[in-house]
2 protein chains.
Amino acid sequence: MNPLTKISQPPYDLAAFAADLGDIPIETDPKTLYKKSRDFFWFSPVLKRQLEGKVGELLVEPRNEADVMRIAGAAARHRVPITIRGGGTGNYGQCVPVQGGAVVDMMALDAIEWQRGALLRVGAGRKMNHIDAETRKGGFELRMHPSTKRTASIGGFAAGGSAGAGSVTYGGLRELGNIMGARVISLEENPRVFELKGDAALKICHGWGTTGIITALEMPLAPAFEWIDLIVAFDDFMSAVRFGHELTLADGVIKKLVTPLAWPIPTYFPGTAAYFPKGKASVIAMIAEHSVEPFLSLAAAHKGEMTYQRPCDESPGAHPLYEYTWNHTTMLALKIDKDITYLQAMYPAVGFMEKVAEISNLFSPGEVQQHFEFMRHAGQPTGAGLHMIRFTTEARLNEIMDMHRERGIFIADPHIWTLEDSAGYKSADADLVSFKREVDPLGICNPGKMRTYVPVR
Amino acid sequence: MNPLTKISQPPYDLAAFAADLGDIPIETDPKTLYKKSRDFFWFSPVLKRQLEGKVGELLVEPRNEADVMRIAGAAARHRVPITIRGGGTGNYGQCVPVQGGAVVDMMALDAIEWQRGALLRVGAGRKMNHIDAETRKGGFELRMHPSTKRTASIGGFAAGGSAGAGSVTYGGLRELGNIMGARVISLEENPRVFELKGDAALKICHGWGTTGIITALEMPLAPAFEWIDLIVAFDDFMSAVRFGHELTLADGVIKKLVTPLAWPIPTYFPGTAAYFPKGKASVIAMIAEHSVEPFLSLAAAHKGEMTYQRPCDESPGAHPLYEYTWNHTTMLALKIDKDITYLQAMYPAVGFMEKVAEISNLFSPGEVQQHFEFMRHAGQPTGAGLHMIRFTTEARLNEIMDMHRERGIFIADPHIWTLEDSAGYKSADADLVSFKREVDPLGICNPGKMRTYVPVR
């Protein structure tokens, strides 16, 4: 039996569900529903074709966990599909309601419950920049954040993210210890509360919101240094990558971001021409103030030219450099060239530089523009290739990904909206399916996304 | 011409030198001179034979940098060999005056000049635990320290150390950025002051006090977490090493120390039988309080039994667990068995576990007792084998070291007291010889230790 045949839109009474919600704010305005049924899936021309037009029928805006419990119970009773959303900054259609039903906007659950030293307990809806704004007062900040830090919620990042600025030091989000706890509400007639601790908390990580409703998270914090945004220019891309790699290996230089970009990627960045010399490759970096001196001596040893050095400014209207990195790079390119899409290619740590050269030689710069985000992965310093691709056909896109795979590079396919087919690199501890049986026995929690899931009831 | 022939004891007038020192405290008591002419070179039976009885003729105790300048000028005028010492906790005879002359005790230069965020400027003579006691008030501490933290000076560590607790996160002392600045006085008739910054500061690192007199250092600081001392027991040594290795790779678990020890090493530790189960291998670890939970879940996954968990206590009379690791392990063993000595073996990062197994199979437990200190080395997570050896002959000791070298393991030979022959893994930036020409043209600064140095004048 093909499990796919089990996934079909169940009959449900949306009006009865809405009536059960009492005074919980709801919204049915089509424009709002359209907006709240989307994320950045349109970075992929494939997902754009597949997900465009999938819109929820009702937006529900819980104010607190009691509201969430009520929503979960009503959804179970009436078999209404529930799609949970935070800031809507994912790229895989995580918060697109592919089977309709209700979209649950979690952004009002944004309280910091407590901070104990380097541990924080916070509502799932709090924006990541609003977390840092608070914790930095005491000298701490989140260990890592996506380039969408100023719009993403911590719950959305925990459920759908994988890494970001900070991962060059702390590894990916799914590394042991990077999520310390999660509170999850099950979708049952009598919803239960699950307090996941330690490695159990990883069960919600990168589950795309298919494993219950996360209401709060316990996150470990990092020391909040004064971060300096820097750009260093190099004559050629391989020199930029080599510098980025050496910087990643330099454990004595405290850093948060190391991003080599090939030319002409910076031409997509408005108003930055003065900092990205024409024709040159660049490395964007965030370096702790007290490590800038050794950073600059390493850059000089690699014949890099420092073109920008300024404290990272996240105030409204300012442009922190991390907003040119990770998937912001793709977004900025798409604003100018609608044919751009991207890859997520995890290069092996051993023989990294050789692999970069090998891949570089396979493609024309007109088709693949290389861009790396250095990070630690399973304890090894390596780089994620978030290469930008000029899209022609799906067949060619798949061929490009296969050419990487054949050479030992892991591809997390961002052109597929089902969990199993896209994100194959889950840790063995995170037994998402068995946890989903606990918290979503009816299969109404972001249904369709976990393709192989067979509802228990 | 063999440069060795140039090194012979020069004639000098010690009395005239002493007279030039004015009111700087000096000491000629033989017992004091004996004590102040030693370090832990006796960990090596080879160095013990070679260095025992090498005693300075005069102890000089500068109170401040002006005193140091005066001592340096007088030494140059009278061609008196100068050997600089801090806490005397080195293992290579770094502070043994092999050509006699004066020993200069730097411990009075212990002022904290300033702290700016995560940067500290401190007198070379300040004890490392006295640095942390001060900086921890503001949430910072030194990035790394030797097991002798409670007696070692920062200057002695910078000049002679290589790594320690903390290196599992920040790499070795010689990694770029781990020493940010050094102030050095030259040994000339008119002594000059050198302010070394950035990678230039590495010129004094691991120079064994042969490159001028360090009076102050600028050191980068780390966040001062509450460290929890833990011991986890395993049925066999390979399981302990495997856990230690996985822990080292776990970038989301904040740690300062990861030390697997084979049985019967813990039998050398007095009063600890309750924490080191008989016949079992153990891992000693220092874990940030907020990372203990993921640490314990990793230990459980490796079938480790936690036998000790207590906040690291450095108060007088207490026993922080780091005092059972690094070279304290050897020292504690030597107190019970005078035939023990040790190796310093840097294992390769790639194929680490296989190499551990290979070496384990080469020796009987009666001859080699394996003990690792996990660290990052050039950005790669690996382990330093500080294996304890039952000494029989020098020939066999050298054979054991060669058996490691033949298998791709780097040996920093702790049984040689000349710099070049022992510590072969200096960074290319640290051009010690050319810097020595600047600061020690007469060849009177710890003469004999840098074997290949030919004095300029």
# chains A, B, ... in the order shown; residues from 1 in each chain; ligands from 1
call {"tool": "residues_around", "arguments": {"residues": "A:Val46", "least_positions_apart": "4", "cutoff": "9 Å", "atoms": "only C-alpha atoms", "output": "PyMOL selection string"}}
result
chain A and resi 41-42+50-51+394+415-416
call {"tool": "interface_residues", "arguments": {"of": "chain B", "to": "chain A", "cutoff": "9 Å", "atoms": "only C-alpha atoms", "output": "PyMOL selection string"}}
result
chain B and resi 116-119+139+169-180+197-199+220+222-223+225+246+248-254+289-291+293-295+297-298+350+376-381
call {"tool": "residues_around", "arguments": {"residues": "B:Asp431", "least_positions_apart": "6", "cutoff": "10 Å", "atoms": "only C-alpha atoms", "output": "list in words"}}
result
Ala200, Leu202, Lys203, Ile204 and Gly207 of chain B
call {"tool": "atom_distance", "arguments": {"atom1": "atom CA of B:Ala395", "atom2": "atom CA of B:Ser44"}}
result
13.6 Å
call {"tool": "residues_around", "arguments": {"residues": "A:Leu187", "least_positions_apart": "5", "cutoff": "9 Å", "atoms": "only C-alpha atoms", "output": "PDB file with all heavy atoms, in the first residue's frame"}}
result
ATOM      1  N   MET A  69      -4.425  25.289  23.387  1.00  0.00           N
ATOM      2  CA  MET A  69      -5.056  24.035  23.821  1.00  0.00           C
ATOM      3  C   MET A  69      -6.488  23.947  23.257  1.00  0.00           C
ATOM      4  O   MET A  69      -6.924  22.888  22.793  1.00  0.00           O
ATOM      5  CB  MET A  69      -5.118  23.967  25.357  1.00  0.00           C
ATOM      6  CG  MET A  69      -3.787  24.061  26.068  1.00  0.00           C
ATOM      7  SD  MET A  69      -2.852  22.519  26.105  1.00  0.00           S
ATOM      8  CE  MET A  69      -3.654  21.670  27.467  1.00  0.00           C
ATOM      9  N   ILE A  71      -7.702  25.464  20.607  1.00  0.00           N
ATOM     10  CA  ILE A  71      -7.622  25.277  19.144  1.00  0.00           C
ATOM     11  C   ILE A  71      -7.309  23.816  18.820  1.00  0.00           C
ATOM     12  O   ILE A  71      -7.934  23.198  17.946  1.00  0.00           O
ATOM     13  CB  ILE A  71      -6.536  26.206  18.542  1.00  0.00           C
ATOM     14  CG1 ILE A  71      -6.943  27.685  18.703  1.00  0.00           C
ATOM     15  CG2 ILE A  71      -6.283  25.864  17.075  1.00  0.00           C
ATOM     16  CD1 ILE A  71      -5.790  28.673  18.499  1.00  0.00           C
ATOM     17  N   ALA A  72      -6.328  23.250  19.562  1.00  0.00           N
ATOM     18  CA  ALA A  72      -5.897  21.870  19.293  1.00  0.00           C
ATOM     19  C   ALA A  72      -7.049  20.892  19.525  1.00  0.00           C
ATOM     20  O   ALA A  72      -7.278  19.970  18.723  1.00  0.00           O
ATOM     21  CB  ALA A  72      -4.696  21.520  20.171  1.00  0.00           C
ATOM     22  N   GLY A  73      -7.798  21.112  20.625  1.00  0.00           N
ATOM     23  CA  GLY A  73      -8.917  20.228  20.927  1.00  0.00           C
ATOM     24  C   GLY A  73     -10.019  20.333  19.880  1.00  0.00           C
ATOM     25  O   GLY A  73     -10.558  19.318  19.406  1.00  0.00           O
ATOM     26  N   ALA A  74     -10.318  21.567  19.492  1.00  0.00           N
ATOM     27  CA  ALA A  74     -11.376  21.779  18.490  1.00  0.00           C
ATOM     28  C   ALA A  74     -10.974  21.176  17.144  1.00  0.00           C
ATOM     29  O   ALA A  74     -11.788  20.557  16.449  1.00  0.00           O
ATOM     30  CB  ALA A  74     -11.654  23.276  18.341  1.00  0.00           C
ATOM     31  N   ALA A  75      -9.698  21.349  16.791  1.00  0.00           N
ATOM     32  CA  ALA A  75      -9.218  20.792  15.519  1.00  0.00           C
ATOM     33  C   ALA A  75      -9.362  19.269  15.520  1.00  0.00           C
ATOM     34  O   ALA A  75      -9.776  18.671  14.518  1.00  0.00           O
ATOM     35  CB  ALA A  75      -7.763  21.198  15.283  1.00  0.00           C
ATOM     36  N   ALA A  76      -9.044  18.648  16.653  1.00  0.00           N
ATOM     37  CA  ALA A  76      -9.141  17.186  16.735  1.00  0.00           C
ATOM     38  C   ALA A  76     -10.598  16.740  16.639  1.00  0.00           C
ATOM     39  O   ALA A  76     -10.923  15.808  15.893  1.00  0.00           O
ATOM     40  CB  ALA A  76      -8.506  16.694  18.034  1.00  0.00           C
ATOM     41  N   ILE A  82      -4.511  21.622  10.576  1.00  0.00           N
ATOM     42  CA  ILE A  82      -3.919  22.787  11.237  1.00  0.00           C
ATOM     43  C   ILE A  82      -2.523  23.004  10.657  1.00  0.00           C
ATOM     44  O   ILE A  82      -1.729  22.067  10.591  1.00  0.00           O
ATOM     45  CB  ILE A  82      -3.790  22.502  12.754  1.00  0.00           C
ATOM     46  CG1 ILE A  82      -5.169  22.446  13.418  1.00  0.00           C
ATOM     47  CG2 ILE A  82      -2.883  23.514  13.444  1.00  0.00           C
ATOM     48  CD1 ILE A  82      -5.872  23.778  13.455  1.00  0.00           C
ATOM     49  N   ARG A 192      -2.773  17.129  25.143  1.00  0.00           N
ATOM     50  CA  ARG A 192      -1.802  16.926  26.219  1.00  0.00           C
ATOM     51  C   ARG A 192      -0.620  17.854  26.025  1.00  0.00           C
ATOM     52  O   ARG A 192      -0.338  18.307  24.911  1.00  0.00           O
ATOM     53  CB  ARG A 192      -1.315  15.470  26.217  1.00  0.00           C
ATOM     54  CG  ARG A 192      -2.379  14.477  26.689  1.00  0.00           C
ATOM     55  CD  ARG A 192      -1.875  13.037  26.566  1.00  0.00           C
ATOM     56  NE  ARG A 192      -1.641  12.663  25.181  1.00  0.00           N
ATOM     57  CZ  ARG A 192      -0.886  11.616  24.803  1.00  0.00           C
ATOM     58  NH1 ARG A 192      -0.274  10.876  25.723  1.00  0.00           N
ATOM     59  NH2 ARG A 192      -0.728  11.328  23.518  1.00  0.00           N
ATOM     60  N   GLY A 212       3.008  18.390  16.400  1.00  0.00           N
ATOM     61  CA  GLY A 212       2.373  19.116  17.490  1.00  0.00           C
ATOM     62  C   GLY A 212       2.659  20.606  17.425  1.00  0.00           C
ATOM     63  O   GLY A 212       3.378  21.078  16.548  1.00  0.00           O
ATOM     64  N   ILE A 213       2.069  21.333  18.362  1.00  0.00           N
ATOM     65  CA  ILE A 213       2.198  22.794  18.377  1.00  0.00           C
ATOM     66  C   ILE A 213       3.201  23.185  19.458  1.00  0.00           C
ATOM     67  O   ILE A 213       2.958  22.984  20.653  1.00  0.00           O
ATOM     68  CB  ILE A 213       0.833  23.470  18.641  1.00  0.00           C
ATOM     69  CG1 ILE A 213      -0.221  22.955  17.633  1.00  0.00           C
ATOM     70  CG2 ILE A 213       0.985  24.993  18.550  1.00  0.00           C
ATOM     71  CD1 ILE A 213      -1.621  23.511  17.858  1.00  0.00           C
ATOM     72  N   VAL A 439       1.618  12.850  19.225  1.00  0.00           N
ATOM     73  CA  VAL A 439       1.034  14.203  19.300  1.00  0.00           C
ATOM     74  C   VAL A 439       0.033  14.497  18.182  1.00  0.00           C
ATOM     75  O   VAL A 439      -0.688  15.481  18.247  1.00  0.00           O
ATOM     76  CB  VAL A 439       2.139  15.295  19.293  1.00  0.00           C
ATOM     77  CG1 VAL A 439       2.967  15.214  20.566  1.00  0.00           C
ATOM     78  CG2 VAL A 439       3.023  15.204  18.052  1.00  0.00           C
ATOM     79  N   ASP A 440       0.021  13.647  17.169  1.00  0.00           N
ATOM     80  CA  ASP A 440      -0.878  13.913  16.037  1.00  0.00           C
ATOM     81  C   ASP A 440      -1.489  12.609  15.536  1.00  0.00           C
ATOM     82  O   ASP A 440      -1.334  12.246  14.372  1.00  0.00           O
ATOM     83  CB  ASP A 440      -0.092  14.624  14.916  1.00  0.00           C
ATOM     84  CG  ASP A 440      -0.982  15.019  13.741  1.00  0.00           C
ATOM     85  OD1 ASP A 440      -2.200  15.238  13.962  1.00  0.00           O
ATOM     86  OD2 ASP A 440      -0.466  15.098  12.614  1.00  0.00           O
ATOM     87  N   PRO A 441      -2.219  11.928  16.407  1.00  0.00           N
ATOM     88  CA  PRO A 441      -2.740  10.605  16.019  1.00  0.00           C
ATOM     89  C   PRO A 441      -3.706  10.672  14.840  1.00  0.00           C
ATOM     90  O   PRO A 441      -3.857   9.706  14.107  1.00  0.00           O
ATOM     91  CB  PRO A 441      -3.442  10.116  17.300  1.00  0.00           C
ATOM     92  CG  PRO A 441      -3.733  11.355  18.080  1.00  0.00           C
ATOM     93  CD  PRO A 441      -2.597  12.289  17.787  1.00  0.00           C
ATOM     94  N   LEU A 442      -4.340  11.837  14.651  1.00  0.00           N
ATOM     95  CA  LEU A 442      -5.336  11.964  13.583  1.00  0.00           C
ATOM     96  C   LEU A 442      -4.727  12.417  12.262  1.00  0.00           C
ATOM     97  O   LEU A 442      -5.410  12.444  11.237  1.00  0.00           O
ATOM     98  CB  LEU A 442      -6.410  12.971  14.014  1.00  0.00           C
ATOM     99  CG  LEU A 442      -7.172  12.607  15.296  1.00  0.00           C
ATOM    100  CD1 LEU A 442      -7.888  13.825  15.861  1.00  0.00           C
ATOM    101  CD2 LEU A 442      -8.165  11.487  14.998  1.00  0.00           C
ATOM    102  N   GLY A 443      -3.454  12.818  12.310  1.00  0.00           N
ATOM    103  CA  GLY A 443      -2.821  13.275  11.070  1.00  0.00           C
ATOM    104  C   GLY A 443      -3.366  14.594  10.575  1.00  0.00           C
ATOM    105  O   GLY A 443      -3.562  14.799   9.374  1.00  0.00           O
ATOM    106  N   ILE A 444      -3.616  15.522  11.524  1.00  0.00           N
ATOM    107  CA  ILE A 444      -4.158  16.832  11.111  1.00  0.00           C
ATOM    108  C   ILE A 444      -3.143  17.955  11.324  1.00  0.00           C
ATOM    109  O   ILE A 444      -3.458  19.125  11.105  1.00  0.00           O
ATOM    110  CB  ILE A 444      -5.457  17.167  11.873  1.00  0.00           C
ATOM    111  CG1 ILE A 444      -5.231  17.134  13.394  1.00  0.00           C
ATOM    112  CG2 ILE A 444      -6.589  16.207  11.468  1.00  0.00           C
ATOM    113  CD1 ILE A 444      -6.419  17.607  14.209  1.00  0.00           C
ATOM    114  N   CYS A 445      -1.929  17.617  11.738  1.00  0.00           N
ATOM    115  CA  CYS A 445      -0.934  18.655  12.023  1.00  0.00           C
ATOM    116  C   CYS A 445      -0.025  18.845  10.807  1.00  0.00           C
ATOM    117  O   CYS A 445       0.829  18.007  10.524  1.00  0.00           O
ATOM    118  CB  CYS A 445      -0.117  18.245  13.261  1.00  0.00           C
ATOM    119  SG  CYS A 445       0.926  19.562  13.880  1.00  0.00           S
TER     120      CYS A 445
END
call {"tool": "residues_around", "arguments": {"residues": "stretch 151-154 of chain B", "least_positions_apart": "4", "cutoff": "10 Å", "atoms": "only C-alpha atoms", "output": "PyMOL selection string"}}
result
chain B and resi 85-90+106-107+110+122-131+142+145-147+158-161+216-217+219
call {"tool": "select_by_dssp", "arguments": {"residues": "stretch 72-149 of chain A", "states": "helix (DSSP H, G or I)", "output": "ChimeraX atom specification"}}
result
/A:72-78,128-138
call {"tool": "write_last_selection", "arguments": {"atoms": "N, CA, C and O atoms", "output": "mmCIF file, in the first residue's frame"}}
result
data_model
loop_
_atom_site.group_PDB
_atom_site.id
_atom_site.type_symbol
_atom_site.label_atom_id
_atom_site.label_comp_id
_atom_site.auth_asym_id
_atom_site.auth_seq_id
_atom_site.Cartn_x
_atom_site.Cartn_y
_atom_site.Cartn_z
ATOM 1 N N ALA A 72 -6.328 23.250 19.562
ATOM 2 C CA ALA A 72 -5.897 21.870 19.293
ATOM 3 C C ALA A 72 -7.049 20.892 19.525
ATOM 4 O O ALA A 72 -7.278 19.970 18.723
ATOM 5 N N GLY A 73 -7.798 21.112 20.625
ATOM 6 C CA GLY A 73 -8.917 20.228 20.927
ATOM 7 C C GLY A 73 -10.019 20.333 19.880
ATOM 8 O O GLY A 73 -10.558 19.318 19.406
ATOM 9 N N ALA A 74 -10.318 21.567 19.492
ATOM 10 C CA ALA A 74 -11.376 21.779 18.490
ATOM 11 C C ALA A 74 -10.974 21.176 17.144
ATOM 12 O O ALA A 74 -11.788 20.557 16.449
ATOM 13 N N ALA A 75 -9.698 21.349 16.791
ATOM 14 C CA ALA A 75 -9.218 20.792 15.519
ATOM 15 C C ALA A 75 -9.362 19.269 15.520
ATOM 16 O O ALA A 75 -9.776 18.671 14.518
ATOM 17 N N ALA A 76 -9.044 18.648 16.653
ATOM 18 C CA ALA A 76 -9.141 17.186 16.735
ATOM 19 C C ALA A 76 -10.598 16.740 16.639
ATOM 20 O O ALA A 76 -10.923 15.808 15.893
ATOM 21 N N ARG A 77 -11.452 17.415 17.361
ATOM 22 C CA ARG A 77 -12.866 17.034 17.343
ATOM 23 C C ARG A 77 -13.467 17.127 15.941
ATOM 24 O O ARG A 77 -14.240 16.286 15.522
ATOM 25 N N HIS A 78 -13.068 18.191 15.233
ATOM 26 C CA HIS A 78 -13.676 18.437 13.921
ATOM 27 C C HIS A 78 -12.787 18.005 12.764
ATOM 28 O O HIS A 78 -13.122 18.260 11.615
ATOM 29 N N MET A 128 13.305 36.478 16.829
ATOM 30 C CA MET A 128 14.659 36.210 17.288
ATOM 31 C C MET A 128 15.417 37.506 17.617
ATOM 32 O O MET A 128 16.192 37.546 18.572
ATOM 33 N N ASN A 129 15.175 38.555 16.847
ATOM 34 C CA ASN A 129 15.861 39.809 17.195
ATOM 35 C C ASN A 129 15.335 40.400 18.495
ATOM 36 O O ASN A 129 16.073 41.042 19.233
ATOM 37 N N HIS A 130 14.064 40.109 18.800
ATOM 38 C CA HIS A 130 13.531 40.594 20.077
ATOM 39 C C HIS A 130 14.041 39.756 21.254
ATOM 40 O O HIS A 130 14.040 40.230 22.384
ATOM 41 N N ILE A 131 14.436 38.540 20.992
ATOM 42 C CA ILE A 131 15.105 37.761 22.048
ATOM 43 C C ILE A 131 16.476 38.378 22.344
ATOM 44 O O ILE A 131 16.795 38.709 23.481
ATOM 45 N N ASP A 132 17.260 38.545 21.298
ATOM 46 C CA ASP A 132 18.609 39.096 21.497
ATOM 47 C C ASP A 132 18.567 40.476 22.150
ATOM 48 O O ASP A 132 19.397 40.799 23.005
ATOM 49 N N ALA A 133 17.586 41.289 21.738
ATOM 50 C CA ALA A 133 17.490 42.639 22.307
ATOM 51 C C ALA A 133 17.376 42.558 23.826
ATOM 52 O O ALA A 133 17.935 43.390 24.558
ATOM 53 N N GLU A 134 16.670 41.549 24.302
ATOM 54 C CA GLU A 134 16.471 41.405 25.739
ATOM 55 C C GLU A 134 17.685 40.746 26.416
ATOM 56 O O GLU A 134 18.201 41.245 27.419
ATOM 57 N N THR A 135 18.155 39.642 25.852
ATOM 58 C CA THR A 135 19.224 38.878 26.519
ATOM 59 C C THR A 135 20.569 39.587 26.434
ATOM 60 O O THR A 135 21.414 39.390 27.309
ATOM 61 N N ARG A 136 20.759 40.395 25.416
ATOM 62 C CA ARG A 136 22.045 41.103 25.294
ATOM 63 C C ARG A 136 22.263 42.063 26.466
ATOM 64 O O ARG A 136 23.408 42.388 26.789
ATOM 65 N N LYS A 137 21.160 42.510 27.090
ATOM 66 C CA LYS A 137 21.314 43.381 28.276
ATOM 67 C C LYS A 137 22.146 42.680 29.346
ATOM 68 O O LYS A 137 22.858 43.327 30.104
ATOM 69 N N GLY A 138 22.027 41.369 29.432
ATOM 70 C CA GLY A 138 22.779 40.608 30.425
ATOM 71 C C GLY A 138 24.009 39.933 29.848
ATOM 72 O O GLY A 138 24.619 39.084 30.507
#
call {"tool": "select_by_dssp", "arguments": {"residues": "stretch 260-436 of chain B", "states": "strand (DSSP E)", "output": "PyMOL selection string"}}
result
chain B and resi 260-261+281-288+305-311+340-342+345-346+368-369+372-377+380-385+388-390+410-411
call {"tool": "residues_around", "arguments": {"residues": "stretch 19-34 of chain A", "least_positions_apart": "4", "cutoff": "8 Å", "atoms": "only C-alpha atoms", "output": "list of chain:residue names"}}
result
A:Ala15, A:Arg38, A:Val55, A:Gly56, A:Glu57, A:Leu58, A:Leu59, A:Val60, A:Glu61, A:Pro62, A:Arg63, A:Asp67, A:Arg70, A:Ile71, A:Ala74
call {"tool": "residues_around", "arguments": {"residues": "B:Asp235", "least_positions_apart": "2", "cutoff": "9 Å", "atoms": "only C-alpha atoms", "output": "PyMOL selection string"}}
result
chain B and resi 233+237-240+279-282+303-304
call {"tool": "write_last_selection", "arguments": {"atoms": "all heavy atoms", "output": "CSV table (one decimal), in the first residue's frame"}}
result
chain,number,residue,atom,x,y,z
B,233,ALA,N,32.4,6.7,34.0
B,233,ALA,CA,33.2,5.5,33.9
B,233,ALA,C,32.7,4.6,32.8
B,233,ALA,O,31.5,4.6,32.5
B,233,ALA,CB,33.1,4.7,35.3
B,237,PHE,N,38.6,1.0,27.8
B,237,PHE,CA,39.3,2.3,27.4
B,237,PHE,C,38.8,2.8,26.1
B,237,PHE,O,38.6,4.0,25.9
B,237,PHE,CB,40.8,2.1,27.4
B,237,PHE,CG,41.5,3.4,27.2
B,237,PHE,CD1,41.4,4.5,28.0
B,237,PHE,CD2,42.3,3.6,26.0
B,237,PHE,CE1,42.1,5.7,27.8
B,237,PHE,CE2,43.0,4.8,25.8
B,237,PHE,CZ,42.9,5.8,26.7
B,238,MET,N,38.6,2.0,25.1
B,238,MET,CA,38.2,2.4,23.8
B,238,MET,C,36.8,3.1,23.9
B,238,MET,O,36.6,4.1,23.2
B,238,MET,CB,38.2,1.3,22.7
B,238,MET,CG,39.6,0.8,22.3
B,238,MET,SD,40.6,2.2,21.6
B,238,MET,CE,39.8,2.5,20.0
B,239,SER,N,35.9,2.6,24.7
B,239,SER,CA,34.6,3.2,24.9
B,239,SER,C,34.8,4.6,25.5
B,239,SER,O,34.1,5.6,25.1
B,239,SER,CB,33.7,2.4,25.8
B,239,SER,OG,33.5,1.1,25.2
B,240,ALA,N,35.7,4.7,26.4
B,240,ALA,CA,36.0,6.0,27.1
B,240,ALA,C,36.5,7.0,26.0
B,240,ALA,O,36.0,8.2,26.0
B,240,ALA,CB,36.9,5.9,28.2
B,279,GLY,N,39.0,-1.0,37.9
B,279,GLY,CA,39.1,-1.7,36.6
B,279,GLY,C,38.5,-1.0,35.4
B,279,GLY,O,38.7,-1.4,34.3
B,280,LYS,N,37.9,0.1,35.7
B,280,LYS,CA,37.2,0.8,34.6
B,280,LYS,C,38.0,2.0,34.0
B,280,LYS,O,38.8,2.6,34.7
B,280,LYS,CB,35.8,1.3,35.1
B,280,LYS,CG,34.9,0.2,35.5
B,280,LYS,CD,33.5,0.5,35.1
B,280,LYS,CE,32.5,-0.7,35.4
B,280,LYS,NZ,31.2,-0.5,34.9
B,281,ALA,N,37.8,2.3,32.8
B,281,ALA,CA,38.3,3.5,32.2
B,281,ALA,C,37.4,4.6,32.5
B,281,ALA,O,36.2,4.4,32.9
B,281,ALA,CB,38.4,3.3,30.7
B,282,SER,N,38.0,5.8,32.5
B,282,SER,CA,37.2,7.0,33.0
B,282,SER,C,37.4,8.2,32.0
B,282,SER,O,38.4,8.3,31.3
B,282,SER,CB,37.6,7.5,34.4
B,282,SER,OG,37.5,6.4,35.3
B,303,LYS,N,26.9,4.4,27.1
B,303,LYS,CA,26.9,3.4,28.3
B,303,LYS,C,27.9,3.8,29.3
B,303,LYS,O,28.5,2.9,30.0
B,303,LYS,CB,27.1,2.0,27.8
B,303,LYS,CG,26.1,1.5,26.7
B,303,LYS,CD,26.1,0.0,26.5
B,303,LYS,CE,25.4,-0.4,25.3
B,303,LYS,NZ,24.0,0.1,25.2
B,304,GLY,N,28.1,5.1,29.5
B,304,GLY,CA,28.9,5.6,30.6
B,304,GLY,C,28.1,5.7,31.9
B,304,GLY,O,26.9,6.0,31.9
